[in-house]
>>> print(open('target-v4.cif').read())   # mmCIF, C-alpha atoms
data_entry
loop_
_atom_site.group_PDB
_atom_site.id
_atom_site.type_symbol
_atom_site.label_atom_id
_atom_site.label_comp_id
_atom_site.auth_asym_id
_atom_site.auth_seq_id
_atom_site.Cartn_x
_atom_site.Cartn_y
_atom_site.Cartn_z
ATOM 1 C CA MET A 1 5.385 7.763 -5.611
ATOM 2 C CA ASP A 2 1.864 7.825 -4.141
ATOM 3 C CA LEU A 3 -0.726 7.216 -6.812
ATOM 4 C CA SER A 4 -4.491 6.954 -6.457
ATOM 5 C CA THR A 5 -7.727 7.910 -8.198
ATOM 6 C CA GLU A 6 -11.368 8.058 -7.147
ATOM 7 C CA ARG A 7 -11.811 4.258 -7.183
ATOM 8 C CA LEU A 8 -8.247 2.925 -7.397
ATOM 9 C CA TRP A 9 -4.926 2.953 -5.643
ATOM 10 C CA PHE A 10 -1.562 1.715 -6.867
ATOM 11 C CA ASP A 11 1.080 0.019 -4.747
ATOM 12 C CA ALA A 12 3.665 -2.740 -4.912
ATOM 13 C CA LEU A 13 2.693 -6.225 -5.959
ATOM 14 C CA ARG A 14 2.669 -8.547 -2.931
ATOM 15 C CA GLU A 15 3.411 -12.224 -2.593
ATOM 16 C CA SER A 16 -0.275 -12.696 -1.704
ATOM 17 C CA ASP A 17 -1.157 -11.296 -5.180
ATOM 18 C CA ALA A 18 0.557 -14.174 -7.010
ATOM 19 C CA ALA A 19 -2.539 -16.320 -7.608
ATOM 20 C CA ALA A 20 -4.643 -13.385 -8.869
ATOM 21 C CA LEU A 21 -1.770 -12.059 -11.021
ATOM 22 C CA PHE A 22 -1.222 -15.510 -12.506
ATOM 23 C CA ALA A 23 -4.948 -16.005 -13.151
ATOM 24 C CA TYR A 24 -5.359 -12.927 -15.339
ATOM 25 C CA ARG A 25 -1.855 -12.739 -16.840
ATOM 26 C CA ALA A 26 -1.981 -16.389 -17.959
ATOM 27 C CA ASP A 27 -5.447 -15.979 -19.485
ATOM 28 C CA PRO A 28 -4.932 -16.364 -23.271
ATOM 29 C CA GLU A 29 -7.366 -13.534 -24.059
ATOM 30 C CA VAL A 30 -5.606 -11.124 -21.668
ATOM 31 C CA SER A 31 -2.062 -12.071 -22.645
ATOM 32 C CA ARG A 32 -2.631 -12.459 -26.380
ATOM 33 C CA TYR A 33 -0.787 -9.233 -27.254
ATOM 34 C CA GLN A 34 1.488 -8.965 -24.220
ATOM 35 C CA GLY A 35 5.173 -9.741 -23.994
ATOM 36 C CA TRP A 36 4.976 -11.478 -20.615
ATOM 37 C CA ARG A 37 2.670 -14.394 -19.906
ATOM 38 C CA PRO A 38 3.548 -16.532 -16.870
ATOM 39 C CA GLU A 39 3.513 -20.261 -17.557
ATOM 40 C CA THR A 40 3.257 -21.231 -13.865
ATOM 41 C CA LEU A 41 2.224 -19.775 -10.524
ATOM 42 C CA SER A 42 5.870 -20.055 -9.516
ATOM 43 C CA GLU A 43 6.830 -17.760 -12.410
ATOM 44 C CA ALA A 44 4.291 -15.174 -11.237
ATOM 45 C CA LYS A 45 5.752 -15.392 -7.711
ATOM 46 C CA GLY A 46 9.247 -14.864 -9.141
ATOM 47 C CA PHE A 47 8.073 -11.795 -11.039
ATOM 48 C CA ILE A 48 6.685 -10.331 -7.811
ATOM 49 C CA ARG A 49 9.919 -11.148 -5.933
ATOM 50 C CA ASN A 50 11.981 -9.412 -8.638
ATOM 51 C CA GLN A 51 9.764 -6.325 -8.437
ATOM 52 C CA SER A 52 9.907 -6.209 -4.631
ATOM 53 C CA GLY A 53 13.460 -4.836 -4.741
ATOM 54 C CA ILE A 54 12.350 -1.771 -6.701
ATOM 55 C CA ALA A 55 10.897 0.955 -4.470
ATOM 56 C CA GLU A 56 10.031 3.500 -7.177
ATOM 57 C CA PRO A 57 10.365 4.050 -10.924
ATOM 58 C CA LEU A 58 14.008 4.544 -11.936
ATOM 59 C CA PRO A 59 15.288 5.488 -15.400
ATOM 60 C CA GLY A 60 15.861 2.503 -17.674
ATOM 61 C CA GLN A 61 14.094 -0.009 -15.425
ATOM 62 C CA TRP A 62 10.521 -1.310 -15.694
ATOM 63 C CA PHE A 63 8.485 -0.688 -12.544
ATOM 64 C CA GLN A 64 5.218 -2.526 -11.958
ATOM 65 C CA TRP A 65 2.372 -1.252 -9.788
ATOM 66 C CA ALA A 66 -0.544 -3.311 -8.573
ATOM 67 C CA ILE A 67 -3.883 -1.698 -9.436
ATOM 68 C CA ARG A 68 -6.298 -2.175 -6.529
ATOM 69 C CA ARG A 69 -9.897 -1.189 -5.919
ATOM 70 C CA ILE A 70 -10.188 1.250 -3.005
ATOM 71 C CA ASP A 71 -13.501 -0.214 -1.846
ATOM 72 C CA ASP A 72 -12.280 -3.763 -1.206
ATOM 73 C CA GLY A 73 -8.492 -3.748 -1.812
ATOM 74 C CA SER A 74 -8.721 -6.411 -4.511
ATOM 75 C CA LEU A 75 -6.043 -6.659 -7.201
ATOM 76 C CA ILE A 76 -7.676 -5.927 -10.560
ATOM 77 C CA GLY A 77 -4.601 -5.415 -12.723
ATOM 78 C CA ASP A 78 -1.114 -4.026 -13.021
ATOM 79 C CA LEU A 79 0.526 -1.022 -14.603
ATOM 80 C CA GLY A 80 4.110 -1.017 -15.887
ATOM 81 C CA LEU A 81 6.241 2.084 -16.359
ATOM 82 C CA CYS A 82 9.724 2.652 -17.736
ATOM 83 C CA LEU A 83 11.237 6.132 -17.392
ATOM 84 C CA SER A 84 14.151 7.331 -19.493
ATOM 85 C CA ASP A 85 16.891 9.815 -18.613
ATOM 86 C CA ASP A 86 15.508 12.299 -21.158
ATOM 87 C CA LYS A 87 12.105 12.910 -19.498
ATOM 88 C CA GLN A 88 10.231 10.321 -21.524
ATOM 89 C CA ALA A 89 8.271 7.309 -20.288
ATOM 90 C CA GLU A 90 6.705 4.163 -21.705
ATOM 91 C CA PHE A 91 3.811 2.369 -20.038
ATOM 92 C CA GLY A 92 1.668 -0.729 -20.322
ATOM 93 C CA ILE A 93 -1.519 -1.721 -18.504
ATOM 94 C CA THR A 94 -3.190 -5.079 -17.884
ATOM 95 C CA LEU A 95 -6.597 -5.654 -16.295
ATOM 96 C CA ALA A 96 -8.262 -8.862 -15.147
ATOM 97 C CA PRO A 97 -11.275 -9.773 -17.324
ATOM 98 C CA SER A 98 -13.689 -9.091 -14.433
ATOM 99 C CA ALA A 99 -12.365 -5.496 -14.215
ATOM 100 C CA GLN A 100 -12.652 -4.742 -17.920
ATOM 101 C CA GLY A 101 -15.499 -2.600 -19.223
ATOM 102 C CA HIS A 102 -15.930 -0.547 -16.027
ATOM 103 C CA GLY A 103 -13.708 2.436 -16.894
ATOM 104 C CA PHE A 104 -10.871 1.287 -14.608
ATOM 105 C CA ALA A 105 -8.186 1.365 -17.317
ATOM 106 C CA ARG A 106 -9.126 4.900 -18.345
ATOM 107 C CA GLU A 107 -9.182 6.000 -14.694
ATOM 108 C CA ALA A 108 -5.824 4.339 -13.976
ATOM 109 C CA LEU A 109 -4.197 6.033 -16.957
ATOM 110 C CA GLY A 110 -5.672 9.366 -15.890
ATOM 111 C CA GLY A 111 -3.963 9.004 -12.508
ATOM 112 C CA LEU A 112 -0.699 7.885 -14.107
ATOM 113 C CA PHE A 113 -0.649 10.739 -16.623
ATOM 114 C CA ARG A 114 -1.397 13.304 -13.920
ATOM 115 C CA ALA A 115 1.477 12.028 -11.774
ATOM 116 C CA LEU A 116 3.957 11.833 -14.642
ATOM 117 C CA PHE A 117 3.175 15.186 -16.227
ATOM 118 C CA SER A 118 2.576 17.260 -13.103
ATOM 119 C CA ARG A 119 4.794 15.675 -10.436
ATOM 120 C CA LEU A 120 7.632 13.971 -12.336
ATOM 121 C CA ASP A 121 7.895 16.561 -15.125
ATOM 122 C CA VAL A 122 7.815 13.945 -17.898
ATOM 123 C CA HIS A 123 7.912 15.557 -21.359
ATOM 124 C CA ARG A 124 6.589 12.661 -23.494
ATOM 125 C CA LEU A 125 4.691 9.490 -22.686
ATOM 126 C CA HIS A 126 4.266 6.626 -25.147
ATOM 127 C CA ALA A 127 2.845 3.130 -25.493
ATOM 128 C CA SER A 128 3.289 0.341 -28.010
ATOM 129 C CA VAL A 129 0.289 -1.732 -29.104
ATOM 130 C CA ASP A 130 -0.495 -4.469 -31.584
ATOM 131 C CA PRO A 131 -3.102 -2.960 -33.956
ATOM 132 C CA ARG A 132 -5.191 -6.157 -33.695
ATOM 133 C CA ASN A 133 -5.806 -5.193 -30.048
ATOM 134 C CA ALA A 134 -8.813 -3.010 -30.825
ATOM 135 C CA SER A 135 -9.759 -2.340 -27.196
ATOM 136 C CA SER A 136 -6.277 -1.032 -26.330
ATOM 137 C CA MET A 137 -6.219 1.112 -29.455
ATOM 138 C CA ALA A 138 -9.600 2.593 -28.461
ATOM 139 C CA LEU A 139 -8.433 3.178 -24.870
ATOM 140 C CA LEU A 140 -5.310 5.070 -25.919
ATOM 141 C CA LYS A 141 -7.333 7.270 -28.255
ATOM 142 C CA ALA A 142 -9.968 7.850 -25.548
ATOM 143 C CA VAL A 143 -7.366 9.167 -23.090
ATOM 144 C CA GLY A 144 -6.161 11.687 -25.667
ATOM 145 C CA MET A 145 -3.083 9.950 -27.027
ATOM 146 C CA ARG A 146 -2.321 10.284 -30.705
ATOM 147 C CA GLN A 147 -0.988 7.646 -33.049
ATOM 148 C CA GLU A 148 2.559 8.537 -34.061
ATOM 149 C CA ALA A 149 3.621 5.512 -36.069
ATOM 150 C CA HIS A 150 2.529 2.196 -37.496
ATOM 151 C CA PHE A 151 5.451 -0.141 -38.099
ATOM 152 C CA HIS A 152 4.509 -3.027 -40.368
ATOM 153 C CA GLU A 153 5.742 -6.496 -39.435
ATOM 154 C CA SER A 154 8.412 -4.941 -37.248
ATOM 155 C CA LEU A 155 8.346 -7.391 -34.316
ATOM 156 C CA TRP A 156 8.870 -11.136 -34.235
ATOM 157 C CA PHE A 157 6.332 -12.158 -31.589
ATOM 158 C CA ARG A 158 5.226 -15.676 -30.672
ATOM 159 C CA GLY A 159 6.223 -17.173 -33.987
ATOM 160 C CA GLU A 160 4.992 -14.473 -36.354
ATOM 161 C CA TRP A 161 5.862 -11.038 -37.653
ATOM 162 C CA VAL A 162 3.464 -8.483 -36.160
ATOM 163 C CA ASP A 163 2.792 -4.786 -36.584
ATOM 164 C CA ASP A 164 3.537 -2.269 -33.836
ATOM 165 C CA VAL A 165 1.606 0.973 -33.383
ATOM 166 C CA ILE A 166 3.044 3.765 -31.230
ATOM 167 C CA PHE A 167 0.774 6.164 -29.375
ATOM 168 C CA ALA A 168 2.146 9.213 -27.552
ATOM 169 C CA MET A 169 1.232 12.314 -25.637
ATOM 170 C CA LEU A 170 3.317 15.363 -24.783
ATOM 171 C CA ALA A 171 3.043 17.199 -21.472
ATOM 172 C CA ARG A 172 1.648 20.276 -23.245
ATOM 173 C CA GLU A 173 -1.025 18.137 -24.925
ATOM 174 C CA TRP A 174 -2.003 16.667 -21.542
ATOM 175 C CA ARG A 175 -2.229 20.166 -20.060
ATOM 176 C CA GLU A 176 -4.482 21.271 -22.935
ATOM 177 C CA ILE A 177 -6.841 18.306 -22.340
ATOM 178 C CA HIS A 178 -6.698 18.751 -18.563
ATOM 179 C CA THR A 179 -7.379 22.498 -18.795
ATOM 180 C CA LYS A 180 -10.477 21.852 -20.910
ATOM 181 C CA GLY A 181 -11.719 19.394 -18.261
ATOM 182 C CA ALA A 182 -11.956 16.576 -20.778
ATOM 183 C CA GLY A 183 -10.394 13.189 -20.990
ATOM 184 C CA PHE A 184 -10.030 11.515 -17.618
ATOM 185 C CA ALA A 185 -12.011 10.353 -14.626
ATOM 186 C CA ALA A 186 -11.370 12.217 -11.395
ATOM 187 C CA SER A 187 -8.083 11.477 -9.670
ATOM 188 C CA ARG A 188 -6.570 12.626 -6.439
#
>>> encode(input="target-v4.cif", output="structure tokens")
Amino acid sequence: MDLSTERLWFDALRESDAAALFAYRADPEVSRYQGWRPETLSEAKGFIRNQSGIAEPLPGQWFQWAIRRIDDGSLIGDLGLCLSDDKQAEFGITLAPSAQGHGFAREALGGLFRALFSRLDVHRLHASVDPRNASSMALLKAVGMRQEAHFHESLWFRGEWVDDVIFAMLAREWREIHTKGAGFAASR
């Protein structure tokens, strides 16, 4: 699936991305609320090798895109997607610290939502976030997602019970936002 926006394009992670992927994914501030944090460069390379056999998102399987800047081709983050057989999808996004605060996450999600709702006919999109992750909570609200649930101490994560907040958006809600011209940066 071809995916791009005004400043970004998404493609497969490459072996040459391993050092950059490891650098931001192993950063304690970036990975604090994430399920996967590589301990070694070799682990990051293995992750990329495992993803290389997946050509496109398939139901029940996580698919990871590299997020690259169009202007210089640099890897600035990654975007994970898991489709289900019932026209639903879950996603997660990670950006390198140097790419944060420039609107890239919002732009990337705008491109993803457009592709899922208009080309793949997804009915419902959702994301799970630790409520202590204030920037992710703000991002999901800013792109028009609504909070559906707050599960208290529902996940055992890195030695502690943590809360889990679910945000979602339906295709009809996306169309309403898109029709009004609000919500997302331009995407192609």
>>> resolve_selection(input="target-v4.cif", expression="the PyMOL selection byres ((chain A and resi 45) around 10)", output="JSON, numbers by chain")
{"A": [13, 14, 15, 16, 17, 18, 19, 21, 22, 38, 40, 41, 42, 43, 44, 46, 47, 48, 49, 50, 51]}
>>> write_last_selection(input="target-v4.cif", atoms="C-alpha atoms", output="mmCIF file, in the coordinates of the input")
data_model
loop_
_atom_site.group_PDB
_atom_site.id
_atom_site.type_symbol
_atom_site.label_atom_id
_atom_site.label_comp_id
_atom_site.auth_asym_id
_atom_site.auth_seq_id
_atom_site.Cartn_x
_atom_site.Cartn_y
_atom_site.Cartn_z
ATOM 1 C CA LEU A 13 2.693 -6.225 -5.959
ATOM 2 C CA ARG A 14 2.669 -8.547 -2.931
ATOM 3 C CA GLU A 15 3.411 -12.224 -2.593
ATOM 4 C CA SER A 16 -0.275 -12.696 -1.704
ATOM 5 C CA ASP A 17 -1.157 -11.296 -5.180
ATOM 6 C CA ALA A 18 0.557 -14.174 -7.010
ATOM 7 C CA ALA A 19 -2.539 -16.320 -7.608
ATOM 8 C CA LEU A 21 -1.770 -12.059 -11.021
ATOM 9 C CA PHE A 22 -1.222 -15.510 -12.506
ATOM 10 C CA PRO A 38 3.548 -16.532 -16.870
ATOM 11 C CA THR A 40 3.257 -21.231 -13.865
ATOM 12 C CA LEU A 41 2.224 -19.775 -10.524
ATOM 13 C CA SER A 42 5.870 -20.055 -9.516
ATOM 14 C CA GLU A 43 6.830 -17.760 -12.410
ATOM 15 C CA ALA A 44 4.291 -15.174 -11.237
ATOM 16 C CA GLY A 46 9.247 -14.864 -9.141
ATOM 17 C CA PHE A 47 8.073 -11.795 -11.039
ATOM 18 C CA ILE A 48 6.685 -10.331 -7.811
ATOM 19 C CA ARG A 49 9.919 -11.148 -5.933
ATOM 20 C CA ASN A 50 11.981 -9.412 -8.638
ATOM 21 C CA GLN A 51 9.764 -6.325 -8.437
#
>>> residues_around(input="target-v4.cif", residues="stretch 2-8 of chain A", least_positions_apart="5", cutoff="12 Å", atoms="only C-alpha atoms", output="ChimeraX atom specification")
/A:55-57,65-79,99,102-116,119-120,184-188
>>> axis_aligned_box(input="target-v4.cif", around="stretch 80-97 of chain A", padding_each_side="5 Å", output="lines of an AutoDock Vina configuration file")
center_x = 2.8
center_y = 1.6
center_z = -18.4
size_x = 38.2
size_y = 32.7
size_z = 16.6
>>> resolve_selection(input="target-v4.cif", expression="the PyMOL selection byres ((chain A and resi 146) around 6)", output="count of residues only")
4
>>> resolve_selection(input="target-v4.cif", expression="the PyMOL selection byres ((chain A and resi 97) around 9)", output="PDB file with C-alpha atoms, keeping the file's coordinate frame")
ATOM      1  CA  TYR A  24      -5.359 -12.927 -15.339  1.00  0.00           C
ATOM      2  CA  ASP A  27      -5.447 -15.979 -19.485  1.00  0.00           C
ATOM      3  CA  GLU A  29      -7.366 -13.534 -24.059  1.00  0.00           C
ATOM      4  CA  VAL A  30      -5.606 -11.124 -21.668  1.00  0.00           C
ATOM      5  CA  ILE A  76      -7.676  -5.927 -10.560  1.00  0.00           C
ATOM      6  CA  LEU A  95      -6.597  -5.654 -16.295  1.00  0.00           C
ATOM      7  CA  ALA A  96      -8.262  -8.862 -15.147  1.00  0.00           C
ATOM      8  CA  SER A  98     -13.689  -9.091 -14.433  1.00  0.00           C
ATOM      9  CA  ALA A  99     -12.365  -5.496 -14.215  1.00  0.00           C
ATOM     10  CA  GLN A 100     -12.652  -4.742 -17.920  1.00  0.00           C
ATOM     11  CA  GLY A 101     -15.499  -2.600 -19.223  1.00  0.00           C
TER      12      GLY A 101
END
>>> atom_distance(input="target-v4.cif", atom1="atom CA of A:Met137", atom2="atom CA of A:Leu81")
18.1 Å
>>> closest_residue(input="target-v4.cif", among="A:Asn133, A:Thr94, A:Ser118, A:Gln34", to="A:Arg172", atoms="only C-alpha atoms")
A:Ser118
>>> atom_distance(input="target-v4.cif", atom1="atom CA of A:His152", atom2="atom CA of A:Tyr33")
15.4 Å
>>> residues_near_point(input="target-v4.cif", point="(-1.2, -1.2, -33.9)", cutoff="9 Å", atoms="only C-alpha atoms", output="MDAnalysis selection string")
chainID A and resid 128:134 137 147 149:152 162:167
>>> residues_around(input="target-v4.cif", residues="A:Ala89", least_positions_apart="3", cutoff="9 Å", atoms="all atoms listed in the file", output="PyMOL selection string")
chain A and resi 59+81-84+86+116+122-127
>>> closest_residue(input="target-v4.cif", among="A:Glu160, A:Glu153, A:Glu176, A:Asp85", to="A:Asp121", atoms="all atoms listed in the file")
A:Asp85
>>> closest_residue(input="target-v4.cif", among="A:Gly60, A:Gly53, A:Gly92, A:Pro28", to="A:Leu139", atoms="only C-alpha atoms")
A:Gly92
>>> atom_distance(input="target-v4.cif", atom1="atom CA of A:Gly80", atom2="atom CA of A:Phe63")
5.5 Å
>>> closest_residue(input="target-v4.cif", among="A:Gly35, A:Ala138, A:Ala26, A:Met1", to="A:Trp156", atoms="all atoms listed in the file")
A:Gly35
>>> decode(input="target-v4.cif", residues="stretch 56-89 of chain A", atoms="C-alpha atoms", output="PDB file, in the first residue's frame")
ATOM      1  CA  GLU A  56       1.675  -5.405   3.194  1.00  0.00           C
ATOM      2  CA  PRO A  57      -0.681  -5.312   6.176  1.00  0.00           C
ATOM      3  CA  LEU A  58      -2.484  -8.642   6.625  1.00  0.00           C
ATOM      4  CA  PRO A  59      -5.268  -9.391   9.118  1.00  0.00           C
ATOM      5  CA  GLY A  60      -4.002 -10.493  12.523  1.00  0.00           C
ATOM      6  CA  GLN A  61      -0.369  -9.558  11.878  1.00  0.00           C
ATOM      7  CA  TRP A  62       1.476  -6.394  12.936  1.00  0.00           C
ATOM      8  CA  PHE A  63       2.979  -4.512   9.994  1.00  0.00           C
ATOM      9  CA  GLN A  64       5.612  -1.839  10.550  1.00  0.00           C
ATOM     10  CA  TRP A  65       6.294   1.059   8.189  1.00  0.00           C
ATOM     11  CA  ALA A  66       9.332   3.292   8.286  1.00  0.00           C
ATOM     12  CA  ILE A  67       8.384   6.977   8.431  1.00  0.00           C
ATOM     13  CA  ARG A  68      10.786   8.978   6.256  1.00  0.00           C
ATOM     14  CA  ARG A  69      11.142  12.652   5.436  1.00  0.00           C
ATOM     15  CA  ILE A  70      10.575  13.302   1.724  1.00  0.00           C
ATOM     16  CA  ASP A  71      13.183  16.066   1.601  1.00  0.00           C
ATOM     17  CA  ASP A  72      16.171  13.982   2.705  1.00  0.00           C
ATOM     18  CA  GLY A  73      14.930  10.366   3.025  1.00  0.00           C
ATOM     19  CA  SER A  74      15.917  10.149   6.686  1.00  0.00           C
ATOM     20  CA  LEU A  75      14.164   7.702   9.011  1.00  0.00           C
ATOM     21  CA  ILE A  76      12.328   9.712  11.670  1.00  0.00           C
ATOM     22  CA  GLY A  77      10.093   7.023  13.144  1.00  0.00           C
ATOM     23  CA  ASP A  78       7.922   4.007  12.543  1.00  0.00           C
ATOM     24  CA  LEU A  79       4.229   3.263  12.374  1.00  0.00           C
ATOM     25  CA  GLY A  80       2.719  -0.106  13.301  1.00  0.00           C
ATOM     26  CA  LEU A  81      -0.639  -1.386  12.091  1.00  0.00           C
ATOM     27  CA  CYS A  82      -2.642  -4.514  12.830  1.00  0.00           C
ATOM     28  CA  LEU A  83      -5.772  -5.166  10.757  1.00  0.00           C
ATOM     29  CA  SER A  84      -8.515  -7.538  11.851  1.00  0.00           C
ATOM     30  CA  ASP A  85     -10.851  -9.657   9.729  1.00  0.00           C
ATOM     31  CA  ASP A  86     -13.827  -7.527  10.814  1.00  0.00           C
ATOM     32  CA  LYS A  87     -12.696  -4.213   9.250  1.00  0.00           C
ATOM     33  CA  GLN A  88     -11.040  -2.870  12.376  1.00  0.00           C
ATOM     34  CA  ALA A  89      -7.429  -1.794  12.868  1.00  0.00           C
TER      35      ALA A  89
END
